[in-house]
$ cat input_23.cif   # mmCIF, C-alpha atoms and all ligand atoms
data_structure
#
loop_
_atom_site.label_atom_id
_atom_site.label_comp_id
_atom_site.auth_asym_id
_atom_site.auth_seq_id
_atom_site.Cartn_x
_atom_site.Cartn_y
_atom_site.Cartn_z
CA MET A 22 64.76 127.33 113.85
CA LYS A 23 62.89 124.38 112.38
CA GLU A 24 64.72 121.05 112.50
CA ILE A 25 63.83 117.77 110.82
CA ILE A 26 65.33 114.28 110.62
CA LEU A 27 66.45 113.01 107.23
CA ALA A 28 66.78 109.23 107.08
CA LYS A 29 68.30 107.95 103.87
CA TYR A 30 67.79 104.45 102.61
CA GLY A 31 70.12 102.34 100.57
CA GLU A 32 69.61 99.06 98.81
CA ILE A 33 65.89 99.49 98.16
CA ILE A 34 66.82 102.02 95.49
CA LEU A 35 68.17 99.14 93.41
CA LYS A 36 64.87 97.28 93.43
CA GLY A 37 63.43 98.64 90.19
CA GLY A 38 59.75 97.75 89.83
CA ASN A 39 59.58 96.48 93.42
CA ARG A 40 60.80 99.73 94.85
CA PRO A 41 57.37 101.20 95.76
CA ARG A 42 56.40 98.02 97.62
CA PHE A 43 59.69 98.04 99.54
CA GLU A 44 59.28 101.72 100.33
CA ASN A 45 55.79 101.11 101.72
CA ILE A 46 57.10 98.36 103.97
CA LEU A 47 59.91 100.61 105.21
CA MET A 48 57.44 103.42 105.94
CA SER A 49 55.15 101.15 107.88
CA ASN A 50 58.09 99.72 109.88
CA ILE A 51 59.17 103.25 110.78
CA LYS A 52 55.65 104.25 111.82
CA ASN A 53 55.36 101.13 113.99
CA ALA A 54 58.71 101.73 115.64
CA LEU A 55 57.89 105.34 116.46
CA ARG A 56 54.24 104.93 117.38
CA ASN A 57 54.78 104.91 121.13
CA VAL A 58 57.89 107.03 121.12
CA ALA A 59 56.96 110.47 119.85
CA GLU A 60 54.41 112.39 117.84
CA THR A 61 55.83 112.52 114.31
CA ARG A 62 54.89 113.30 110.74
CA ILE A 63 56.62 111.08 108.22
CA ARG A 64 56.88 111.28 104.46
CA LEU A 65 59.07 109.77 101.83
CA ALA A 66 60.59 111.36 98.75
CA GLN A 67 63.79 111.00 96.75
CA ALA A 68 65.27 108.05 98.66
CA THR A 69 64.83 109.92 101.92
CA VAL A 70 62.37 109.57 104.75
CA TYR A 71 61.55 112.94 106.34
CA VAL A 72 60.67 112.62 110.00
CA ASP A 73 59.21 115.74 111.52
CA VAL A 74 59.18 115.39 115.30
CA GLU A 75 56.52 117.44 117.07
CA ASP A 76 58.55 117.87 120.25
CA SER A 77 62.08 118.81 119.19
CA GLY A 78 63.39 117.57 122.55
CA MET A 79 62.63 114.04 121.31
CA ILE A 80 64.74 114.23 118.16
CA ASP A 81 67.68 112.29 119.64
CA VAL A 82 65.42 109.53 120.92
CA VAL A 83 63.74 109.23 117.55
CA MET A 84 67.12 109.13 115.79
CA GLU A 85 68.22 106.32 118.08
CA ARG A 86 65.12 104.32 117.13
CA LEU A 87 65.66 104.96 113.44
CA SER A 88 69.24 103.71 113.78
CA LYS A 89 67.83 100.23 114.49
CA ILE A 90 65.51 100.00 111.50
CA PHE A 91 66.80 97.83 108.68
CA GLY A 92 66.87 99.54 105.31
CA ILE A 93 68.05 102.93 106.57
CA VAL A 94 71.72 103.69 105.92
CA SER A 95 72.13 107.10 107.54
CA ILE A 96 70.24 109.47 109.79
CA THR A 97 70.85 113.13 110.32
CA ARG A 98 69.15 116.13 111.86
CA ALA A 99 68.97 119.11 109.54
CA ALA A 100 67.78 122.71 109.62
CA VAL A 101 64.89 123.45 107.29
CA CYS A 102 65.07 126.63 105.23
CA GLU A 103 63.38 128.42 102.37
CA LYS A 104 64.59 127.60 98.90
CA ASP A 105 66.28 130.94 98.84
CA ILE A 106 70.04 131.42 98.91
CA GLU A 107 69.92 134.22 101.49
CA ASP A 108 67.82 132.12 103.87
CA ILE A 109 70.14 129.16 103.32
CA LYS A 110 73.17 131.28 104.23
CA THR A 111 71.73 132.79 107.39
CA THR A 112 70.28 129.46 108.50
CA ALA A 113 73.68 127.80 108.01
CA ARG A 114 75.35 130.54 110.05
CA GLU A 115 72.95 130.06 112.93
CA TYR A 116 72.66 126.27 112.78
CA LEU A 117 76.33 125.43 112.44
CA LYS A 118 77.82 127.93 114.87
CA ASN A 119 78.85 125.16 117.29
CA ASP A 120 80.48 123.18 114.49
CA LEU A 121 82.38 125.98 112.74
CA THR A 122 84.60 126.97 115.64
CA ASP A 123 88.02 128.59 115.55
CA GLY A 124 90.60 126.67 113.52
CA LYS A 125 88.11 124.28 111.91
CA ARG A 126 88.69 123.31 108.29
CA PHE A 127 85.49 123.14 106.28
CA LYS A 128 83.95 122.75 102.89
CA VAL A 129 80.44 122.99 101.47
CA GLU A 130 78.78 120.28 99.41
CA ALA A 131 75.53 121.04 97.66
CA LYS A 132 72.95 118.81 96.03
CA ARG A 133 70.22 120.27 93.94
CA SER A 134 67.42 117.81 93.21
CA ASP A 135 65.14 120.70 92.33
CA LYS A 136 66.65 121.79 89.04
CA LYS A 137 64.49 124.92 89.01
CA PHE A 138 66.60 126.40 91.79
CA PRO A 139 68.44 129.33 90.15
CA LEU A 140 71.96 128.39 91.30
CA ASN A 141 73.63 125.14 90.35
CA SER A 142 75.54 123.05 92.89
CA PRO A 143 79.02 124.61 92.42
CA GLN A 144 77.47 128.08 92.65
CA ILE A 145 75.67 127.17 95.89
CA CYS A 146 78.96 125.91 97.35
CA THR A 147 80.78 129.09 96.41
CA GLU A 148 78.05 131.37 97.77
CA VAL A 149 77.53 129.55 101.07
CA GLY A 150 81.23 128.77 101.57
CA GLY A 151 82.26 132.37 100.95
CA PHE A 152 79.58 133.66 103.30
CA LEU A 153 80.50 131.32 106.16
CA ASP A 154 84.20 132.04 105.66
CA ASP A 155 83.46 135.76 106.10
CA GLU A 156 81.13 135.31 109.05
CA PHE A 157 83.21 133.00 111.26
CA GLU A 158 86.62 134.00 112.60
CA GLY A 159 89.44 131.53 112.09
CA ILE A 160 87.78 128.86 109.96
CA ILE A 161 89.64 127.66 106.90
CA VAL A 162 88.32 126.35 103.61
CA ASP A 163 89.79 122.91 102.92
CA VAL A 164 88.12 120.81 100.24
CA HIS A 165 90.48 117.86 100.68
CA GLU A 166 90.52 117.14 104.42
CA PRO A 167 87.76 119.16 106.06
CA ASP A 168 86.82 118.72 109.71
CA VAL A 169 83.33 119.87 108.87
CA THR A 170 81.45 119.24 105.64
CA VAL A 171 78.50 121.57 105.38
CA LYS A 172 75.74 119.90 103.39
CA VAL A 173 73.16 121.93 101.50
CA GLU A 174 70.34 119.99 99.85
CA ILE A 175 67.73 121.68 97.68
CA ARG A 176 64.79 119.32 97.67
CA ASP A 177 61.09 119.37 96.74
CA TYR A 178 59.50 121.77 99.25
CA SER A 179 62.46 123.13 101.21
CA ALA A 180 66.21 123.34 101.46
CA TYR A 181 68.12 121.58 104.23
CA VAL A 182 71.41 122.36 105.93
CA TYR A 183 73.46 120.12 108.21
CA ALA A 184 77.01 119.19 109.15
CA ASP A 185 77.88 115.82 107.67
CA GLN A 186 79.81 114.53 110.68
CA ASN A 187 76.72 114.83 112.88
CA LYS A 188 75.10 112.13 110.77
CA ILE A 189 74.76 108.71 112.40
CA GLN A 190 75.00 105.37 110.65
CA GLY A 191 71.94 103.25 110.12
CA GLN A 192 71.76 99.46 110.06
CA GLY A 193 71.64 99.17 106.28
CA GLY A 194 70.10 95.94 105.00
CA MET A 195 66.53 95.49 103.83
CA PRO A 196 63.29 96.38 105.64
CA ILE A 197 61.79 93.57 107.72
CA GLY A 198 58.86 92.09 105.87
CA THR A 199 60.42 92.20 102.40
CA GLY A 200 61.91 88.73 102.79
CA SER A 201 59.31 86.34 104.31
CA LYS A 202 60.10 84.56 107.59
CA ALA A 203 62.69 82.25 109.16
CA THR A 204 62.88 80.42 112.48
CA LEU A 205 65.88 81.10 114.69
CA LEU A 206 67.14 78.44 117.07
CA LEU A 207 67.92 80.79 119.91
CA SER A 208 70.07 79.53 122.76
CA GLY A 209 71.35 81.72 125.56
CA GLY A 210 74.80 81.88 123.97
CA ILE A 211 76.72 84.53 122.04
CA ASP A 212 76.29 83.14 118.55
CA SER A 213 72.62 82.54 117.80
CA PRO A 214 71.41 86.10 118.57
CA VAL A 215 74.02 87.43 116.14
CA ALA A 216 72.91 84.89 113.52
CA GLY A 217 69.31 86.03 113.95
CA HIS A 218 70.24 89.68 113.60
CA MET A 219 72.20 89.00 110.41
CA ILE A 220 69.31 87.25 108.68
CA ALA A 221 66.76 89.79 109.96
CA LYS A 222 68.96 92.46 108.42
CA ARG A 223 68.21 90.96 105.03
CA GLY A 224 64.55 91.81 105.53
CA VAL A 225 63.49 88.47 106.99
CA GLU A 226 60.97 88.33 109.80
CA ILE A 227 62.13 86.18 112.72
CA ASP A 228 60.41 83.60 114.90
CA ALA A 229 62.54 82.13 117.68
CA VAL A 230 62.58 78.71 119.31
CA ASN A 231 64.39 77.72 122.48
CA PHE A 232 64.86 74.23 123.87
CA PHE A 233 64.48 74.26 127.58
CA SER A 234 65.33 71.48 130.03
CA PHE A 235 63.69 72.35 133.28
CA PRO A 236 64.83 71.75 136.04
CA TYR A 237 68.31 71.12 134.61
CA THR A 238 68.14 74.62 133.21
CA SER A 239 66.62 77.24 135.50
CA GLU A 240 63.88 79.81 135.12
CA ARG A 241 66.63 82.40 135.03
CA ALA A 242 68.13 80.73 131.97
CA LYS A 243 64.72 81.13 130.33
CA GLU A 244 64.56 84.79 131.38
CA LYS A 245 67.92 85.26 129.71
CA VAL A 246 66.62 83.87 126.40
CA ILE A 247 63.57 86.13 126.65
CA SER A 248 65.87 89.13 127.23
CA LEU A 249 67.92 88.20 124.17
CA ALA A 250 64.74 87.95 122.10
CA GLY A 251 63.81 91.41 123.43
CA ILE A 252 67.10 92.83 122.21
CA ILE A 253 66.67 91.28 118.76
CA ALA A 254 63.11 92.66 118.74
CA ARG A 255 64.55 96.20 118.93
CA TYR A 256 65.43 95.64 115.30
CA THR A 257 62.47 93.53 114.19
CA SER A 258 59.55 94.79 116.35
CA LYS A 259 57.74 91.79 117.85
CA ILE A 260 59.24 88.27 118.08
CA ASN A 261 57.24 85.12 118.72
CA LEU A 262 59.36 82.94 120.98
CA TYR A 263 58.47 79.26 121.33
CA ILE A 264 59.82 77.48 124.38
CA VAL A 265 60.04 73.74 123.79
CA PRO A 266 60.20 71.38 126.79
CA PHE A 267 63.31 69.31 126.13
CA THR A 268 64.01 67.46 129.37
CA GLU A 269 62.37 64.17 128.45
CA ILE A 270 64.19 63.99 125.14
CA GLN A 271 67.53 64.72 126.77
CA LEU A 272 67.00 62.16 129.53
CA GLN A 273 66.11 59.47 127.01
CA ILE A 274 69.11 60.31 124.87
CA ARG A 275 71.34 60.13 127.95
CA ASP A 276 69.91 56.76 128.95
CA LYS A 277 69.64 55.07 125.57
CA CYS A 278 72.28 56.45 123.20
CA PRO A 279 76.08 56.06 123.23
CA GLU A 280 77.60 58.90 125.17
CA GLU A 281 79.78 60.15 122.33
CA HIS A 282 76.67 60.57 120.12
CA MET A 283 74.57 62.41 122.67
CA THR A 284 75.17 65.92 121.41
CA LEU A 285 74.47 65.16 117.79
CA VAL A 286 71.32 63.16 118.48
CA MET A 287 70.14 66.08 120.60
CA ARG A 288 70.97 68.60 117.86
CA ARG A 289 69.00 66.52 115.34
CA PHE A 290 65.97 66.61 117.62
CA MET A 291 66.27 70.38 117.83
CA MET A 292 66.35 70.68 114.06
CA ARG A 293 63.35 68.41 113.55
CA ILE A 294 61.21 70.18 116.13
CA ALA A 295 62.21 73.60 114.81
CA GLU A 296 61.33 72.47 111.28
CA ARG A 297 57.84 71.34 112.36
CA LEU A 298 57.26 74.64 114.10
CA ALA A 299 58.52 76.51 111.07
CA TYR A 300 56.10 74.68 108.77
CA ASP A 301 53.23 75.43 111.15
CA HIS A 302 54.04 79.14 111.20
CA LYS A 303 54.79 79.60 107.51
CA SER A 304 58.46 80.10 108.07
CA LYS A 305 60.70 79.19 105.13
CA ALA A 306 64.08 78.40 106.71
CA LEU A 307 65.88 77.64 109.97
CA ILE A 308 68.68 79.80 111.35
CA THR A 309 71.45 78.53 113.63
CA GLY A 310 74.61 80.05 115.04
CA GLU A 311 77.24 77.54 114.02
CA SER A 312 80.70 78.42 112.76
CA VAL A 313 82.99 75.80 111.27
CA GLY A 314 85.30 74.20 113.79
CA GLN A 315 84.20 76.19 116.83
CA VAL A 316 83.33 73.08 118.87
CA ALA A 317 83.18 69.31 118.28
CA SER A 318 79.59 69.49 117.04
CA GLN A 319 80.57 72.07 114.42
CA THR A 320 83.04 70.13 112.31
CA LEU A 321 81.85 69.68 108.74
CA ALA A 322 81.08 66.02 109.40
CA ALA A 323 79.06 66.95 112.49
CA LEU A 324 77.18 69.68 110.61
CA ASP A 325 76.34 67.13 107.93
CA VAL A 326 74.85 64.82 110.56
CA THR A 327 72.89 67.60 112.26
CA ASN A 328 71.59 69.22 109.10
CA SER A 329 70.59 65.97 107.41
CA ALA A 330 67.81 65.53 109.97
CA VAL A 331 65.69 68.09 108.10
CA ASP A 332 64.83 69.20 104.56
CA MET A 333 64.23 72.86 105.15
CA PRO A 334 67.07 75.25 104.19
CA ILE A 335 69.32 76.00 107.17
CA LEU A 336 70.85 79.45 107.25
CA GLN A 337 74.12 79.62 109.16
CA PRO A 338 75.31 83.17 108.62
CA LEU A 339 78.23 82.85 111.06
CA ILE A 340 79.63 79.80 109.32
CA GLY A 341 82.88 81.46 108.19
CA MET A 342 83.33 83.93 111.01
CA ASP A 343 85.91 83.86 113.80
CA LYS A 344 84.77 83.97 117.41
CA LEU A 345 86.24 87.46 117.86
CA GLU A 346 84.31 88.81 114.89
CA ILE A 347 81.12 87.28 116.27
CA ILE A 348 81.77 88.84 119.68
CA ARG A 349 82.33 92.23 118.08
CA ARG A 350 78.98 91.95 116.31
CA ALA A 351 77.29 90.85 119.52
CA GLU A 352 78.65 93.96 121.24
CA GLU A 353 77.47 96.19 118.40
CA ILE A 354 73.93 94.86 118.39
CA GLY A 355 73.75 94.87 122.18
CA THR A 356 73.36 91.15 122.97
CA TYR A 357 76.85 90.40 124.28
CA GLU A 358 76.38 91.55 127.89
CA THR A 359 73.29 89.39 128.23
CA SER A 360 74.77 86.38 126.43
CA ILE A 361 77.69 86.14 128.83
CA LEU A 362 75.50 86.03 131.93
CA PRO A 363 76.35 82.73 133.55
CA TYR A 364 73.13 80.72 133.22
CA GLU A 365 73.30 77.20 131.92
CA ASP A 366 72.00 76.09 128.51
CA CYS A 367 70.47 72.68 127.90
CA CYS A 368 73.45 71.84 125.66
CA THR A 369 75.85 72.24 128.52
CA VAL A 370 73.89 70.14 131.01
CA PHE A 371 74.44 66.81 129.30
CA THR A 372 77.78 66.97 127.57
CA PRO A 373 79.76 63.90 126.64
CA LYS A 374 83.39 63.79 127.76
CA HIS A 375 84.56 62.64 124.33
CA PRO A 376 82.14 63.74 121.59
CA THR A 377 82.77 62.36 118.12
CA THR A 378 84.29 64.93 115.81
CA ASN A 379 84.12 62.79 112.69
CA PRO A 380 80.67 61.23 112.89
CA LYS A 381 78.87 59.38 110.10
CA ARG A 382 75.19 59.76 109.39
CA GLU A 383 74.52 56.02 109.51
CA ASN A 384 76.10 55.59 112.95
CA ILE A 385 74.09 58.40 114.48
CA GLU A 386 70.92 57.15 112.80
CA LYS A 387 71.61 53.74 114.30
CA SER A 388 71.96 55.27 117.78
CA GLU A 389 68.68 57.09 117.26
CA ARG A 390 66.82 53.83 116.64
CA ALA A 391 66.86 53.20 120.38
CA LEU A 392 64.40 56.08 120.70
CA ASN A 393 60.83 56.62 119.60
CA VAL A 394 61.71 59.78 117.73
CA GLU A 395 58.23 60.61 116.44
CA GLU A 396 56.54 60.16 119.79
CA LEU A 397 59.10 62.31 121.59
CA ILE A 398 58.72 65.08 119.01
CA GLU A 399 54.92 64.99 119.25
CA ALA A 400 55.04 65.16 123.04
CA ALA A 401 57.40 68.13 122.97
CA LEU A 402 55.30 69.96 120.36
CA ALA A 403 52.16 69.41 122.40
CA ASN A 404 53.60 71.34 125.33
CA ILE A 405 55.15 74.36 123.71
CA GLU A 406 54.86 77.69 125.45
CA LYS A 407 54.49 80.72 123.18
CA ILE A 408 55.76 84.09 124.38
CA GLU A 409 55.27 87.31 122.43
CA VAL A 410 58.40 89.34 123.02
CA TYR A 411 58.40 93.09 122.39
CA PRO A 412 61.44 95.38 122.11
CA ASP A 413 62.85 95.89 125.59
P1 LIG B 1 75.38 79.74 120.76
O1 LIG B 1 76.50 80.68 121.10
O2 LIG B 1 74.36 80.30 119.82
O3 LIG B 1 74.78 79.10 121.98
P2 LIG B 1 77.18 77.56 120.48
O4 LIG B 1 78.49 78.03 120.00
O5 LIG B 1 76.98 77.31 121.93
O6 LIG B 1 76.07 78.56 119.93
P3 LIG B 1 76.07 74.88 119.93
O7 LIG B 1 75.79 74.62 121.33
O8 LIG B 1 76.76 73.87 119.10
O9 LIG B 1 76.88 76.23 119.64
O10 LIG B 1 74.70 75.23 119.22
C1 LIG B 1 74.68 75.49 117.85
C2 LIG B 1 73.40 76.21 117.51
O11 LIG B 1 72.28 75.39 117.88
C3 LIG B 1 73.21 77.48 118.30
O12 LIG B 1 73.87 78.57 117.69
C4 LIG B 1 71.71 77.63 118.24
O13 LIG B 1 71.29 78.13 116.99
C5 LIG B 1 71.24 76.20 118.37
N1 LIG B 1 71.00 75.86 119.79
C6 LIG B 1 71.83 75.31 120.69
N2 LIG B 1 71.23 75.15 121.89
C7 LIG B 1 69.98 75.63 121.76
C8 LIG B 1 68.84 75.77 122.63
N3 LIG B 1 68.89 75.38 123.90
N4 LIG B 1 67.71 76.30 122.13
C9 LIG B 1 67.65 76.71 120.85
N5 LIG B 1 68.67 76.62 119.99
C10 LIG B 1 69.82 76.08 120.41
MG MG B 2 75.47 77.65 123.23
#
$ encode --input "input_23.cif" --output "C-alpha cells" --more "lines below"
Ligand code: ATP
Ligand code: MG
Amino acid sequence: MKEIILAKYGEIILKGGNRPRFENILMSNIKNALRNVAETRIRLAQATVYVDVEDSGMIDVVMERLSKIFGIVSITRAAVCEKDIEDIKTTAREYLKNDLTDGKRFKVEAKRSDKKFPLNSPQICTEVGGFLDDEFEGIIVDVHEPDVTVKVEIRDYSAYVYADQNKIQGQGGMPIGTGSKATLLLSGGIDSPVAGHMIAKRGVEIDAVNFFSFPYTSERAKEKVISLAGIIARYTSKINLYIVPFTEIQLQIRDKCPEEHMTLVMRRFMMRIAERLAYDHKSKALITGESVGQVASQTLAALDVTNSAVDMPILQPLIGMDKLEIIRRAEEIGTYETSILPYEDCCTVFTPKHPTTNPKRENIEKSERALNVEELIEAALANIEKIEVYPD
C-alpha cells in the first residue's frame, strides 16, 4: 500500500497576498532539511505539503525532521487511495487494522476539497464508518469520545486515509527566512538557547555571538556553546557563530571599575560588540535570555543600564517567564541536557560579591570612563573567530 506524509501548515494561510512567497520559503526550507536525509518528492497544495518518501523505511526519520521545521503545525503519514469510495473503504480496512482493535471506540471524519467527488462529507462518513463497523469485531462507533478518529480526505489527485491520533505536532510558527535576521547572545546557560529558539520560531534567521574568556573559560566551555548552536540549528539549518575574545575586557573591568558595577559594565560591552556585529551582518535586532528579577543584573533598573548601551532593538522573549517554564521549553527543544553541563561561563568567572540591584545609568557610565571603551571593542572585533555550525 502506498503511503505518503502530509504536513499541514498554519499561520502562513493568514498571509493574504504574501502567502505564495511564504509558501515558497517553506518549501525551500523543507527541501534543504531533507536533502541529505532521504530521497523525496515534495509538492504543495491546499495548505498541505505532500512528502513522498522513496524508501518507505525512512518515513519516520523524515517525519522527525519535519517536526522541527517552523511553519508546519502537524505531520501525519497517510495511505493513498483512488478517489473511489470502494477503494477508500478497503484501504482503510487494511491500513487501520492495528488501530481499530477490539473494544476501540471510533468515528470517521471526512473532508472533501474536491467537490466533484460524488459523495458529500456526511455520506463518506456514513459509508466508511458503516463498512469498518461491519468488518472489525468489537469496535464501537462513538462520535463524542472516540479512541480513534479515522480521517478521510478527498484532495486533488487522490484520497487519503489515516488515524488522527498517529499525527505528530509540528513546531508551528513561521518559516525561517520570512522575518529577516537577529543576533543571539548565546551563553552556555539554559536561557539564551530558549530565547533564540523562540525568535527563530517567528521566522527570523539567527546569528549567534558568544563572549569567551580564555583561559578563564575552557575550550570545553566553547565546545558546549558550539553544541548548543548545533541544537538550535536543527530548527534553523545553519548558524553562524561568532566567538569574541573577552578576556582583556574583563580583566580591565576587574582592575579599573568598582566591583559592584563589574557585571553591568561587562554586559554593556557585550551589547555594544553584538550590535556592531549585527550591523556588519545585516541583522536587525539583538536577542538575549533575560527574565525580570531572575538575578541581580536582571532587575528593571539593571536592564535599563544594560540595554541603554545600544540603539538596536533588543528582543527578550523570556522576559515574563518563570524559570520552570524556561526549563520546560529547554527540555522540549533539546538544549537542557547540554546547558546544565558544568562548564564555566565568562559571566561566572568574575562575579562581584555584592552587585548593585538598583543601578543608575550615570553611575555606571562614570565607572566606564576609566576604560578606553572604543579601543577595547575594536581589539575584540579584530580577533573574532567565525564558526559555521550545522545541525548536529
Ligand atoms: P543564560 O541562561 O542564557 O546564560 P543567565 O540567566 O545566566 O542567562 P545572565 O548571565 O545575566 O543570565 O546573561 C543574560 C543574557 O546575556 C544571557 O541570556 C545571554 O543572552 C547573554 N550572555 C551572558 N553571557 C554571555 C556570553 N558569555 N556570551 C554571549 N552571551 C551572553
Ligand atoms: Mg548564564
$ closest_residue --input "input_23.cif" --among "A:Lys29, A:Lys104, A:Lys245, A:Lys118" --to "Val72 in chain A" --atoms "only C-alpha atoms"
A:Lys29
$ closest_residue --input "input_23.cif" --among "A:Val246, A:Ala401, A:Val70, A:Val394" --to "ligand MG 2 (chain B)" --atoms "only C-alpha atoms and all ligand atoms"
A:Val246
$ residues_near_ligand --input "input_23.cif" --ligand "ligand MG 2 (chain B)" --cutoff "10 Å" --atoms "all atoms listed in the file" --output "JSON, numbers by chain"
{"A": [207, 208, 209, 210, 211, 212, 213, 310, 311, 360, 365, 366, 367, 368, 369]}
$ write_last_selection --input "input_23.cif" --atoms "C-alpha atoms" --output "short mmCIF file (atom, residue, chain, number, x, y, z; two decimals), keeping the file's coordinate frame"
data_model
loop_
_atom_site.label_atom_id
_atom_site.label_comp_id
_atom_site.auth_asym_id
_atom_site.auth_seq_id
_atom_site.Cartn_x
_atom_site.Cartn_y
_atom_site.Cartn_z
CA LEU A 207 67.92 80.79 119.91
CA SER A 208 70.07 79.53 122.76
CA GLY A 209 71.35 81.72 125.56
CA GLY A 210 74.80 81.88 123.97
CA ILE A 211 76.72 84.53 122.04
CA ASP A 212 76.29 83.14 118.55
CA SER A 213 72.62 82.54 117.80
CA GLY A 310 74.61 80.05 115.04
CA GLU A 311 77.24 77.54 114.02
CA SER A 360 74.77 86.38 126.43
CA GLU A 365 73.30 77.20 131.92
CA ASP A 366 72.00 76.09 128.51
CA CYS A 367 70.47 72.68 127.90
CA CYS A 368 73.45 71.84 125.66
CA THR A 369 75.85 72.24 128.52
#
$ closest_residue --input "input_23.cif" --among "A:Asp155, A:Glu24, A:Glu130, A:Asp105" --to "Ala180 in chain A" --atoms "all atoms listed in the file"
A:Asp105
$ axis_aligned_box --input "input_23.cif" --around "range 376-395 of chain A" --padding-each-side "4 Å" --output "JSON"
{"center_x": 71.3, "center_y": 59.1, "center_z": 115.5, "size_x": 34.1, "size_y": 19.7, "size_z": 20.2}
$ residues_around --input "input_23.cif" --residues "Asn404 in chain A" --least-positions-apart "6" --cutoff "10 Å" --atoms "all atoms listed in the file" --output "VMD selection string"
chain A and resid 264 to 267
$ write_last_selection --input "input_23.cif" --atoms "C-alpha atoms" --output "short mmCIF file (atom, residue, chain, number, x, y, z; two decimals), keeping the file's coordinate frame"
data_model
loop_
_atom_site.label_atom_id
_atom_site.label_comp_id
_atom_site.auth_asym_id
_atom_site.auth_seq_id
_atom_site.Cartn_x
_atom_site.Cartn_y
_atom_site.Cartn_z
CA ILE A 264 59.82 77.48 124.38
CA VAL A 265 60.04 73.74 123.79
CA PRO A 266 60.20 71.38 126.79
CA PHE A 267 63.31 69.31 126.13
#
$ closest_residue --input "input_23.cif" --among "A:Lys381, A:Arg390, A:Lys222, A:Lys110" --to "Ile90 in chain A" --atoms "all atoms listed in the file"
A:Lys222
$ closest_residue --input "input_23.cif" --among "A:Asp154, A:Glu353, A:Glu32, A:Glu389" --to "His218 in chain A" --atoms "all atoms listed in the file"
A:Glu353
$ closest_residue --input "input_23.cif" --among "A:Gly38, A:Pro338, A:Gly224, A:Pro236" --to "ligand LIG 1 (chain B)" --atoms "all atoms listed in the file"
A:Pro338
